[in-house]
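> The file below is structure_4.cif, mmCIF, C-alpha atoms (C1' of nucleotides):
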```cif
data_query
loop_
_atom_site.label_atom_id
_atom_site.label_comp_id
_atom_site.auth_asym_id
_atom_site.auth_seq_id
_atom_site.Cartn_x
_atom_site.Cartn_y
_atom_site.Cartn_z
CA MET W 284 3.94 22.44 16.29
CA ASP W 285 3.70 22.09 12.55
CA GLN W 286 6.29 19.47 11.78
CA ILE W 287 4.25 16.90 13.64
CA TYR W 288 1.84 17.10 10.72
CA GLU W 289 4.71 16.45 8.31
CA LEU W 290 5.87 13.48 10.34
CA GLN W 291 2.41 12.01 10.62
CA ALA W 292 1.78 12.65 6.93
CA ASP W 293 4.90 10.63 6.14
CA VAL W 294 3.71 7.74 8.28
CA LEU W 295 0.23 7.94 6.81
CA LYS W 296 1.72 8.03 3.32
CA THR W 297 3.45 4.72 3.84
CA LEU W 298 0.22 3.23 5.18
CA ALA W 299 -1.92 4.76 2.43
CA ASN W 300 -1.45 1.77 0.17
CA ALA W 301 -3.51 -1.40 0.18
CA ARG W 302 -0.45 -3.65 -0.13
CA ARG W 303 1.48 -1.98 2.65
CA LEU W 304 -1.62 -1.85 4.81
CA GLU W 305 -2.07 -5.58 4.41
CA MET W 306 1.64 -6.10 5.15
CA ALA W 307 1.33 -4.10 8.33
CA HIS W 308 -1.60 -6.17 9.50
CA LEU W 309 0.14 -9.42 8.62
CA LEU W 310 3.24 -8.31 10.51
CA ALA W 311 1.03 -7.30 13.42
CA GLU W 312 0.01 -10.94 13.81
CA GLU W 313 3.53 -12.30 13.58
CA PRO W 314 6.99 -11.23 12.35
CA MET W 315 7.85 -12.54 8.91
CA THR W 316 10.64 -12.81 6.36
CA VAL W 317 10.50 -11.05 3.02
CA GLY W 318 9.99 -14.26 1.10
CA HIS W 319 7.18 -15.46 3.32
CA LEU W 320 5.45 -12.11 2.98
CA ALA W 321 5.83 -12.27 -0.80
CA ASP W 322 4.27 -15.73 -0.80
CA CYS W 323 1.37 -14.73 1.45
CA MET W 324 0.50 -11.78 -0.76
CA SER W 325 1.43 -13.25 -4.16
CA LEU W 326 3.77 -10.37 -4.92
CA ALA W 327 7.21 -10.22 -6.49
CA GLN W 328 10.06 -10.26 -4.00
CA PRO W 329 11.66 -6.98 -5.13
CA ASN W 330 8.30 -5.30 -4.86
CA VAL W 331 7.82 -6.51 -1.29
CA SER W 332 11.33 -5.44 -0.48
CA GLN W 333 10.68 -1.94 -1.77
CA HIS W 334 7.50 -1.60 0.25
CA LEU W 335 9.29 -2.80 3.35
CA ALA W 336 12.11 -0.33 2.75
CA LEU W 337 9.60 2.51 2.70
CA MET W 338 7.94 1.31 5.87
CA ARG W 339 11.28 0.92 7.55
CA ALA W 340 12.30 4.44 6.54
CA ALA W 341 9.09 5.75 8.06
CA GLY W 342 9.78 3.85 11.26
CA VAL W 343 6.74 1.64 10.90
CA VAL W 344 8.62 -1.67 10.82
CA LEU W 345 11.96 -2.96 12.04
CA ALA W 346 14.31 -5.38 10.28
CA GLU W 347 16.36 -8.02 12.04
CA ARG W 348 18.77 -10.43 10.47
CA ASP W 349 18.34 -14.13 11.23
CA GLY W 350 20.86 -16.24 9.37
CA ARG W 351 20.48 -15.34 5.75
CA GLU W 352 16.88 -14.37 6.20
CA ILE W 353 15.64 -11.03 7.45
CA ARG W 354 12.70 -10.91 9.79
CA TYR W 355 10.46 -7.87 9.76
CA ARG W 356 8.23 -6.83 12.63
CA LEU W 357 6.16 -3.85 13.65
CA ALA W 358 8.09 -1.03 15.30
CA ASP W 359 5.17 0.46 17.18
CA PRO W 360 1.96 -1.43 17.97
CA ASP W 361 0.20 1.86 18.71
CA ILE W 362 0.41 2.89 15.06
CA ILE W 363 -1.44 -0.21 13.93
CA ALA W 364 -3.84 0.15 16.83
CA ALA W 365 -4.82 3.51 15.37
CA CYS W 366 -5.26 1.85 11.97
CA ARG W 367 -7.52 -0.76 13.52
CA LEU W 368 -9.63 1.97 15.05
CA MET W 369 -10.00 3.67 11.71
CA ARG W 370 -10.79 0.39 10.01
CA ALA W 371 -13.49 -0.30 12.58
CA ALA W 372 -15.01 3.11 11.90
CA LEU W 373 -15.01 2.44 8.16
CA GLN W 374 -16.50 -0.99 8.70
CA ARG W 375 -19.35 0.59 10.64
CA ARG W 376 -19.86 2.97 7.76
CA LEU W 377 -20.02 0.10 5.28
CA THR W 378 -22.46 -1.77 7.46
CA ARG W 379 -24.67 1.28 7.70
CA LEU W 380 -24.63 1.72 3.93
CA ALA W 381 -25.45 -1.94 3.41
CA GLU W 382 -28.44 -1.71 5.75
CA VAL W 383 -29.78 1.31 3.92
CA SER W 384 -29.45 -0.33 0.51
CA THR W 385 -31.05 -3.63 1.55
CA ARG W 386 -34.12 -1.98 3.03
CA PRO W 387 -34.63 1.10 0.87
CA ALA W 388 -38.32 1.60 1.70
CA ASP W 389 -38.35 0.13 5.19
CA VAL W 390 -38.63 3.37 7.11
CA PRO W 391 -38.92 6.01 4.39
CA SER W 392 -37.85 8.98 6.44
CA PRO W 393 -40.50 9.09 9.18
CA VAL W 394 -39.80 12.74 9.92
CA SER W 395 -39.12 13.79 6.35
CA ALA W 396 -40.93 17.08 6.98
CA GLU W 397 -38.40 17.89 9.67
CA HIS W 398 -36.45 20.24 7.44
CA ARG W 399 -37.91 22.67 4.91
CA MET J 124 -12.21 -9.09 3.18
CA ASP J 125 -9.70 -7.38 0.97
CA GLN J 126 -11.54 -4.33 -0.26
CA ILE J 127 -11.56 -2.94 3.25
CA TYR J 128 -7.83 -2.39 2.71
CA GLU J 129 -8.56 -0.49 -0.50
CA LEU J 130 -11.16 1.64 1.22
CA GLN J 131 -8.93 2.42 4.18
CA ALA J 132 -6.02 3.11 1.84
CA ASP J 133 -8.17 5.69 0.06
CA VAL J 134 -9.04 7.38 3.33
CA LEU J 135 -5.43 7.25 4.49
CA LYS J 136 -4.31 8.66 1.15
CA THR J 137 -6.42 11.76 1.64
CA LEU J 138 -5.05 12.18 5.14
CA ALA J 139 -1.46 11.47 4.07
CA ASN J 140 -0.77 15.11 3.39
CA ALA J 141 0.34 17.72 5.89
CA ARG J 142 -2.08 20.37 4.58
CA ARG J 143 -5.08 18.08 4.59
CA LEU J 144 -4.09 16.71 7.97
CA GLU J 145 -4.01 20.22 9.38
CA MET J 146 -7.36 20.96 7.73
CA ALA J 147 -8.88 17.89 9.32
CA HIS J 148 -7.67 18.94 12.75
CA LEU J 149 -8.88 22.50 12.27
CA LEU J 150 -12.29 21.22 11.17
CA ALA J 151 -12.33 18.91 14.16
CA GLU J 152 -12.28 21.95 16.43
CA GLU J 153 -14.99 23.81 14.56
CA PRO J 154 -16.67 23.78 11.14
CA MET J 155 -15.32 26.39 8.76
CA THR J 156 -15.86 27.99 5.39
CA VAL J 157 -13.39 27.59 2.56
CA GLY J 158 -12.19 31.19 2.79
CA HIS J 159 -11.66 31.02 6.54
CA LEU J 160 -9.68 27.84 6.12
CA ALA J 161 -7.57 29.43 3.39
CA ASP J 162 -6.85 32.39 5.69
CA CYS J 163 -5.96 30.19 8.65
CA MET J 164 -3.49 28.17 6.61
CA SER J 165 -2.24 30.92 4.29
CA LEU J 166 -3.13 28.91 1.21
CA ALA J 167 -4.72 29.88 -2.08
CA GLN J 168 -8.48 29.42 -2.23
CA PRO J 169 -8.49 27.07 -5.25
CA ASN J 170 -5.92 24.92 -3.55
CA VAL J 171 -8.00 24.64 -0.38
CA SER J 172 -11.04 23.89 -2.47
CA GLN J 173 -9.24 21.05 -4.24
CA HIS J 174 -8.07 19.51 -0.99
CA LEU J 175 -11.57 19.73 0.43
CA ALA J 176 -12.99 18.12 -2.72
CA LEU J 177 -10.67 15.16 -2.21
CA MET J 178 -11.58 14.82 1.44
CA ARG J 179 -15.26 15.06 0.60
CA ALA J 180 -14.91 12.37 -2.06
CA ALA J 181 -13.25 10.12 0.52
CA GLY J 182 -16.07 10.77 2.95
CA VAL J 183 -13.83 12.49 5.47
CA VAL J 184 -15.66 15.83 5.46
CA LEU J 185 -19.15 17.07 4.66
CA ALA J 186 -20.14 20.28 2.89
CA GLU J 187 -23.15 22.35 3.78
CA ARG J 188 -24.35 25.52 2.12
CA ASP J 189 -24.98 28.53 4.34
CA GLY J 190 -26.01 31.51 2.27
CA ARG J 191 -23.27 32.00 -0.27
CA GLU J 192 -20.69 30.42 1.95
CA ILE J 193 -20.10 26.72 2.28
CA ARG J 194 -19.35 25.29 5.66
CA TYR J 195 -17.22 22.17 5.92
CA ARG J 196 -17.20 19.83 8.87
CA LEU J 197 -15.90 16.41 9.74
CA ALA J 198 -18.03 13.50 8.57
CA ASP J 199 -16.82 11.01 11.16
CA PRO J 200 -15.15 12.00 14.45
CA ASP J 201 -13.82 8.45 14.86
CA ILE J 202 -11.52 8.88 11.87
CA ILE J 203 -9.85 11.88 13.43
CA ALA J 204 -9.81 10.14 16.80
CA ALA J 205 -7.65 7.45 15.18
CA CYS J 206 -5.41 10.19 13.78
CA ARG J 207 -5.04 11.69 17.23
CA LEU J 208 -4.02 8.32 18.61
CA MET J 209 -1.38 7.94 15.93
CA ARG J 210 -0.16 11.47 16.50
CA ALA J 211 0.16 10.80 20.21
CA ALA J 212 2.24 7.71 19.47
CA LEU J 213 4.51 9.72 17.16
CA GLN J 214 4.79 12.48 19.74
CA ARG J 215 5.99 9.93 22.30
CA ARG J 216 8.53 8.74 19.77
CA LEU J 217 9.79 12.29 19.22
CA THR J 218 10.01 12.90 22.94
CA ARG J 219 12.02 9.72 23.38
CA LEU J 220 14.40 10.74 20.60
CA ALA J 221 14.78 14.20 22.07
CA GLU J 222 15.67 12.77 25.46
CA VAL J 223 18.31 10.56 23.92
CA SER J 224 19.87 13.38 21.93
CA THR J 225 19.92 15.89 24.82
CA ARG J 226 21.77 13.51 27.12
CA PRO J 227 24.05 11.66 24.72
CA ALA J 228 26.60 10.58 27.30
CA ASP J 229 24.27 10.15 30.22
CA VAL J 230 24.16 6.39 30.14
CA PRO J 231 26.56 5.54 27.32
CA SER J 232 25.34 2.06 26.56
CA PRO J 233 26.06 0.29 29.88
CA VAL J 234 26.10 -3.08 28.16
CA SER J 235 27.87 -1.95 25.00
CA ALA J 236 29.78 -5.24 24.88
CA GLU J 237 26.52 -7.06 24.56
CA HIS J 238 26.98 -7.69 20.83
CA ARG J 239 30.25 -8.63 19.14
"C1'" DG A 179 -30.83 42.41 -14.47
"C1'" DG A 180 -26.18 43.74 -12.99
"C1'" DC A 181 -22.62 43.31 -9.73
"C1'" DA A 182 -19.80 41.65 -6.00
"C1'" DC A 183 -18.62 37.79 -3.39
"C1'" DT A 184 -17.69 32.79 -2.37
"C1'" DG A 185 -16.38 28.61 -3.93
"C1'" DA A 186 -15.59 25.01 -7.86
"C1'" DT A 187 -13.41 23.50 -12.08
"C1'" DG A 188 -10.06 23.02 -16.03
"C1'" DC A 189 -5.33 23.21 -17.58
"C1'" DG A 190 -0.38 22.64 -17.53
"C1'" DC A 191 3.78 21.42 -15.33
"C1'" DA A 192 7.25 19.62 -12.04
"C1'" DG A 193 7.87 16.06 -8.90
"C1'" DA A 194 6.56 11.70 -6.68
"C1'" DT A 195 4.78 6.78 -6.82
"C1'" DG A 196 4.26 1.75 -8.02
"C1'" DC A 197 5.75 -1.75 -10.73
"C1'" DG A 198 8.61 -5.12 -13.57
"C1'" DC A 199 13.02 -6.26 -14.66
"C1'" DA A 200 17.86 -7.12 -14.25
"C1'" DT A 201 21.55 -7.03 -11.19
"C1'" DG A 202 24.35 -6.33 -6.88
"C1'" DC A 203 25.37 -7.70 -1.98
"C1'" DG A 204 25.56 -10.63 2.14
"C1'" DT A 205 25.15 -15.34 4.18
"C1'" DC A 206 25.37 -20.39 4.39
"C1'" DG A 207 26.77 -25.21 2.79
"C1'" DC A 208 30.09 -27.79 0.09
"C1'" DG E 180 36.69 -20.39 -2.83
"C1'" DC E 181 32.28 -21.33 -5.15
"C1'" DG E 182 27.60 -21.87 -6.02
"C1'" DA E 183 22.96 -21.39 -4.07
"C1'" DC E 184 19.82 -18.84 -1.55
"C1'" DG E 185 17.56 -14.52 0.44
"C1'" DC E 186 17.16 -9.90 0.11
"C1'" DA E 187 18.36 -5.07 -1.57
"C1'" DT E 188 19.19 -1.76 -5.19
"C1'" DG E 189 19.19 0.65 -9.72
"C1'" DC E 190 16.75 1.68 -13.92
"C1'" DG E 191 12.93 2.84 -16.99
"C1'" DC E 192 8.20 3.60 -17.66
"C1'" DA E 193 3.29 4.66 -17.02
"C1'" DT E 194 0.59 6.93 -13.84
"C1'" DC E 195 -0.74 9.91 -10.17
"C1'" DT E 196 -0.17 14.37 -7.07
"C1'" DG E 197 0.11 19.01 -5.65
"C1'" DC E 198 0.30 23.50 -7.04
"C1'" DG E 199 -0.42 28.06 -9.52
"C1'" DC E 200 -3.15 30.16 -12.69
"C1'" DA E 201 -7.19 31.60 -15.16
"C1'" DT E 202 -11.91 30.92 -15.48
"C1'" DC E 203 -16.69 29.20 -14.59
"C1'" DA E 204 -20.88 28.62 -11.48
"C1'" DG E 205 -24.02 29.65 -7.60
"C1'" DT E 206 -25.82 33.15 -4.25
"C1'" DG E 207 -27.27 37.60 -2.22
"C1'" DC E 208 -27.79 42.68 -2.57
"C1'" DC E 209 -28.89 46.98 -5.03
#
```
Show me the file's structure as structure tokens.


Amino acid sequence: MDQIYELQADVLKTLANARRLEMAHLLAEEPMTVGHLADCMSLAQPNVSQHLALMRAAGVVLAERDGREIRYRLADPDIIAACRLMRAALQRRLTRLAEVSTRPADVPSPVSAEHR
Amino acid sequence: MDQIYELQADVLKTLANARRLEMAHLLAEEPMTVGHLADCMSLAQPNVSQHLALMRAAGVVLAERDGREIRYRLADPDIIAACRLMRAALQRRLTRLAEVSTRPADVPSPVSAEHR
DNA sequence: GGCACTGATGCGCAGATGCGCATGCGTCGC
DNA sequence: GCGACGCATGCGCATCTGCGCATCAGTGCC
């Protein structure tokens, strides 16, 4: 009843990183090798490998050998689906903020006397 | 196109902690004061206050003064909805693992000769 | 104004994180 | 077998986190 929070915190921790988040989304589109991922993101290979090791330990991605390459893919589409949902919510928030800043005096609080 | 990852990583970072995750779910049920939250979770008040400060900075919760108490509530239900989705996915994973471990010799790999 | 109560802030420390770098391990072609 | 290739691992360092602790700030009551 409480360890589910620990488990989810672990998964969230691995996703709480811009690089890993981008990796997850790239892998959601199509499985990839370590080298390809490193090229796509302009990162050092050992760095990519470390990130992938973390994600694999958290059960976010799966590794599969293919010749002398290793192909990584998402372990659970639902996890990334949840991420997409959150990203959509944040995008809405950004859009709302942008609208407010572009028209600051458009509708200057029509019911400003509502409170107090 | 890339800073959305940074933003989401920040939000995920604040949620990537078992205590804060539990706080978020408690606040999702009903708004609470700092002291009440500290009681519910058996945590020190300064500690709860720090966690709430982080979540407020990330835009996950909102603070509202009510007399000399301060009531915290969720800023965006969609964020926690995404968390619930992820938690459900993890719960399914746990259930699956539990089923496998409780009946280890039920169907002992019927096609075990499949590889090698 | 003084006091009690509620919450925020500063400080210090132990542990975790992200990265570059060099190196080890497994696989394929010769 | 040996070198080349693809990936993993170990190490060191700068930085960040989470926590306990003491203390400061805002509010209501007398």

> Tell me the residues of chain W close to chain J, meaning within 7 Å using only C-alpha atoms, as a ChimeraX atom specification.

/W:288-289,291-293,295-296,298-301,304-305,361-362,365-366,368-370,372

> Mind running chain W against chain E at 12 Å and telling me each contacting residue's nearest atom pair with the distance in Å (one decimal), counting all atoms listed in the file, chain and number ascending, as JSON lines?


```
{"residue": "W:Thr316", "atom": "CA", "partner": "E:DG185", "partner_atom": "C1'", "distance": 9.3}
{"residue": "W:Val317", "atom": "CA", "partner": "E:DC186", "partner_atom": "C1'", "distance": 7.4}
{"residue": "W:Gly318", "atom": "CA", "partner": "E:DG185", "partner_atom": "C1'", "distance": 7.6}
{"residue": "W:His319", "atom": "CA", "partner": "E:DG185", "partner_atom": "C1'", "distance": 10.8}
{"residue": "W:Ala321", "atom": "CA", "partner": "E:DC186", "partner_atom": "C1'", "distance": 11.6}
{"residue": "W:Ala327", "atom": "CA", "partner": "E:DC186", "partner_atom": "C1'", "distance": 11.9}
{"residue": "W:Gln328", "atom": "CA", "partner": "E:DC186", "partner_atom": "C1'", "distance": 8.2}
{"residue": "W:Pro329", "atom": "CA", "partner": "E:DA187", "partner_atom": "C1'", "distance": 7.8}
{"residue": "W:Asn330", "atom": "CA", "partner": "E:DA187", "partner_atom": "C1'", "distance": 10.6}
{"residue": "W:Val331", "atom": "CA", "partner": "E:DC186", "partner_atom": "C1'", "distance": 10.0}
{"residue": "W:Ser332", "atom": "CA", "partner": "E:DA187", "partner_atom": "C1'", "distance": 7.1}
{"residue": "W:Gln333", "atom": "CA", "partner": "E:DA187", "partner_atom": "C1'", "distance": 8.3}
{"residue": "W:His334", "atom": "CA", "partner": "E:DA187", "partner_atom": "C1'", "distance": 11.5}
{"residue": "W:Leu335", "atom": "CA", "partner": "E:DA187", "partner_atom": "C1'", "distance": 10.6}
{"residue": "W:Ala336", "atom": "CA", "partner": "E:DA187", "partner_atom": "C1'", "distance": 9.0}
{"residue": "W:Ala346", "atom": "CA", "partner": "E:DC186", "partner_atom": "C1'", "distance": 11.5}
{"residue": "W:Arg348", "atom": "CA", "partner": "E:DC186", "partner_atom": "C1'", "distance": 10.5}
{"residue": "W:Asp349", "atom": "CA", "partner": "E:DG185", "partner_atom": "C1'", "distance": 10.8}
{"residue": "W:Gly350", "atom": "CA", "partner": "E:DG185", "partner_atom": "C1'", "distance": 9.7}
{"residue": "W:Arg351", "atom": "CA", "partner": "E:DG185", "partner_atom": "C1'", "distance": 6.1}
{"residue": "W:Glu352", "atom": "CA", "partner": "E:DG185", "partner_atom": "C1'", "distance": 5.8}
{"residue": "W:Ile353", "atom": "CA", "partner": "E:DC186", "partner_atom": "C1'", "distance": 7.6}
{"residue": "W:Arg354", "atom": "CA", "partner": "E:DC186", "partner_atom": "C1'", "distance": 10.7}
{"residue": "W:Tyr355", "atom": "CA", "partner": "E:DC186", "partner_atom": "C1'", "distance": 11.9}
```

> Take the residues from that selection and put them in a file with C-alpha atoms, as a PDB file, in the frame of the given file.


```pdb
ATOM      1  CA  THR W 316      10.640 -12.810   6.360  1.00  0.00           C
ATOM      2  CA  VAL W 317      10.500 -11.050   3.020  1.00  0.00           C
ATOM      3  CA  GLY W 318       9.990 -14.260   1.100  1.00  0.00           C
ATOM      4  CA  HIS W 319       7.180 -15.460   3.320  1.00  0.00           C
ATOM      5  CA  ALA W 321       5.830 -12.270  -0.800  1.00  0.00           C
ATOM      6  CA  ALA W 327       7.210 -10.220  -6.490  1.00  0.00           C
ATOM      7  CA  GLN W 328      10.060 -10.260  -4.000  1.00  0.00           C
ATOM      8  CA  PRO W 329      11.660  -6.980  -5.130  1.00  0.00           C
ATOM      9  CA  ASN W 330       8.300  -5.300  -4.860  1.00  0.00           C
ATOM     10  CA  VAL W 331       7.820  -6.510  -1.290  1.00  0.00           C
ATOM     11  CA  SER W 332      11.330  -5.440  -0.480  1.00  0.00           C
ATOM     12  CA  GLN W 333      10.680  -1.940  -1.770  1.00  0.00           C
ATOM     13  CA  HIS W 334       7.500  -1.600   0.250  1.00  0.00           C
ATOM     14  CA  LEU W 335       9.290  -2.800   3.350  1.00  0.00           C
ATOM     15  CA  ALA W 336      12.110  -0.330   2.750  1.00  0.00           C
ATOM     16  CA  ALA W 346      14.310  -5.380  10.280  1.00  0.00           C
ATOM     17  CA  ARG W 348      18.770 -10.430  10.470  1.00  0.00           C
ATOM     18  CA  ASP W 349      18.340 -14.130  11.230  1.00  0.00           C
ATOM     19  CA  GLY W 350      20.860 -16.240   9.370  1.00  0.00           C
ATOM     20  CA  ARG W 351      20.480 -15.340   5.750  1.00  0.00           C
ATOM     21  CA  GLU W 352      16.880 -14.370   6.200  1.00  0.00           C
ATOM     22  CA  ILE W 353      15.640 -11.030   7.450  1.00  0.00           C
ATOM     23  CA  ARG W 354      12.700 -10.910   9.790  1.00  0.00           C
ATOM     24  CA  TYR W 355      10.460  -7.870   9.760  1.00  0.00           C
TER      25      TYR W 355
END
```

> In Å to one decimal, how far is atom CA of Leu326 of chain W from atom CA of Met306 of chain W?

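Computed distance, atom CA of Met306 of chain W to atom CA of Leu326 of chain W, equals 11.1 Å.
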
> With 9 Å as the limit and counting all atoms listed in the file, what residues in chain A lie close to chain W? Please list them as a PyMOL selection string.

chain A and resi 196-198+204-206

> Quick one: pull the distance between atom CA of Met164 of chain J and atom CA of Ala180 of chain J, Å, one decimal.

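So the answer is 21.3 Å.
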
> Report the distance between atom CA of Ala358 of chain W and atom CA of Met338 of chain W in Å, rounded to one decimal place.

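Between atom CA of Ala358 of chain W and atom CA of Met338 of chain W the gap works out to 9.7 Å.
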
> Might you pull out every residue within 7 Å of Leu357 of chain W, with only C-alpha atoms (C1' of nucleotides) counted and same-chain residues fewer than 3 positions away left off, and present them as JSON, numbers by chain?

{"W": [310, 311, 343, 344, 345, 360]}

> May I ask you to restore N, CA and C atoms in segment 347-373 of chain W and write the result as an mmCIF file, keeping the file's coordinate frame?


```cif
data_model
loop_
_atom_site.group_PDB
_atom_site.id
_atom_site.type_symbol
_atom_site.label_atom_id
_atom_site.label_comp_id
_atom_site.auth_asym_id
_atom_site.auth_seq_id
_atom_site.Cartn_x
_atom_site.Cartn_y
_atom_site.Cartn_z
ATOM 1 N N GLU W 347 15.426 -7.312 11.154
ATOM 2 C CA GLU W 347 16.360 -8.020 12.040
ATOM 3 C C GLU W 347 16.885 -9.238 11.307
ATOM 4 N N ARG W 348 18.182 -9.320 11.197
ATOM 5 C CA ARG W 348 18.770 -10.430 10.470
ATOM 6 C C ARG W 348 18.702 -11.715 11.276
ATOM 7 N N ASP W 349 18.401 -12.832 10.576
ATOM 8 C CA ASP W 349 18.340 -14.130 11.230
ATOM 9 C C ASP W 349 18.909 -15.147 10.243
ATOM 10 N N GLY W 350 20.222 -15.394 10.365
ATOM 11 C CA GLY W 350 20.860 -16.240 9.370
ATOM 12 C C GLY W 350 20.929 -15.481 8.071
ATOM 13 N N ARG W 351 20.488 -16.096 7.000
ATOM 14 C CA ARG W 351 20.480 -15.340 5.750
ATOM 15 C C ARG W 351 19.089 -14.823 5.421
ATOM 16 N N GLU W 352 18.189 -14.983 6.358
ATOM 17 C CA GLU W 352 16.880 -14.370 6.200
ATOM 18 C C GLU W 352 16.828 -13.083 6.994
ATOM 19 N N ILE W 353 15.839 -12.272 6.700
ATOM 20 C CA ILE W 353 15.640 -11.030 7.450
ATOM 21 C C ILE W 353 14.194 -10.980 7.911
ATOM 22 N N ARG W 354 14.039 -10.875 9.224
ATOM 23 C CA ARG W 354 12.700 -10.910 9.790
ATOM 24 C C ARG W 354 12.227 -9.494 10.059
ATOM 25 N N TYR W 355 11.046 -9.192 9.547
ATOM 26 C CA TYR W 355 10.460 -7.870 9.760
ATOM 27 C C TYR W 355 9.372 -7.952 10.811
ATOM 28 N N ARG W 356 9.313 -6.893 11.639
ATOM 29 C CA ARG W 356 8.230 -6.830 12.630
ATOM 30 C C ARG W 356 7.822 -5.380 12.807
ATOM 31 N N LEU W 357 6.667 -5.191 13.425
ATOM 32 C CA LEU W 357 6.160 -3.850 13.650
ATOM 33 C C LEU W 357 7.055 -3.108 14.642
ATOM 34 N N ALA W 358 7.270 -1.821 14.381
ATOM 35 C CA ALA W 358 8.090 -1.030 15.300
ATOM 36 C C ALA W 358 7.255 -0.494 16.448
ATOM 37 N N ASP W 359 6.010 -0.175 16.160
ATOM 38 C CA ASP W 359 5.170 0.460 17.180
ATOM 39 C C ASP W 359 3.739 -0.040 17.067
ATOM 40 N N PRO W 360 3.313 -0.867 18.013
ATOM 41 C CA PRO W 360 1.960 -1.430 17.970
ATOM 42 C C PRO W 360 0.882 -0.348 17.994
ATOM 43 N N ASP W 361 1.196 0.797 18.598
ATOM 44 C CA ASP W 361 0.200 1.860 18.710
ATOM 45 C C ASP W 361 -0.234 2.372 17.337
ATOM 46 N N ILE W 362 0.735 2.420 16.406
ATOM 47 C CA ILE W 362 0.410 2.890 15.060
ATOM 48 C C ILE W 362 -0.661 2.011 14.439
ATOM 49 N N ILE W 363 -0.457 0.704 14.514
ATOM 50 C CA ILE W 363 -1.440 -0.210 13.930
ATOM 51 C C ILE W 363 -2.720 -0.222 14.735
ATOM 52 N N ALA W 364 -2.623 0.043 16.017
ATOM 53 C CA ALA W 364 -3.840 0.150 16.830
ATOM 54 C C ALA W 364 -4.714 1.280 16.292
ATOM 55 N N ALA W 365 -4.075 2.382 15.940
ATOM 56 C CA ALA W 365 -4.820 3.510 15.370
ATOM 57 C C ALA W 365 -5.453 3.094 14.047
ATOM 58 N N CYS W 366 -4.713 2.330 13.248
ATOM 59 C CA CYS W 366 -5.260 1.850 11.970
ATOM 60 C C CYS W 366 -6.476 0.970 12.205
ATOM 61 N N ARG W 367 -6.385 0.114 13.209
ATOM 62 C CA ARG W 367 -7.520 -0.760 13.520
ATOM 63 C C ARG W 367 -8.751 0.054 13.874
ATOM 64 N N LEU W 368 -8.526 1.092 14.668
ATOM 65 C CA LEU W 368 -9.630 1.970 15.050
ATOM 66 C C LEU W 368 -10.304 2.556 13.828
ATOM 67 N N MET W 369 -9.469 3.065 12.922
ATOM 68 C CA MET W 369 -10.000 3.670 11.710
ATOM 69 C C MET W 369 -10.741 2.636 10.884
ATOM 70 N N ARG W 370 -10.162 1.441 10.797
ATOM 71 C CA ARG W 370 -10.790 0.390 10.010
ATOM 72 C C ARG W 370 -12.152 0.026 10.596
ATOM 73 N N ALA W 371 -12.215 0.005 11.923
ATOM 74 C CA ALA W 371 -13.490 -0.300 12.580
ATOM 75 C C ALA W 371 -14.523 0.763 12.229
ATOM 76 N N ALA W 372 -14.086 2.022 12.226
ATOM 77 C CA ALA W 372 -15.010 3.110 11.900
ATOM 78 C C ALA W 372 -15.514 2.959 10.468
ATOM 79 N N LEU W 373 -14.618 2.596 9.561
ATOM 80 C CA LEU W 373 -15.010 2.440 8.160
ATOM 81 C C LEU W 373 -15.942 1.246 8.001
#
```
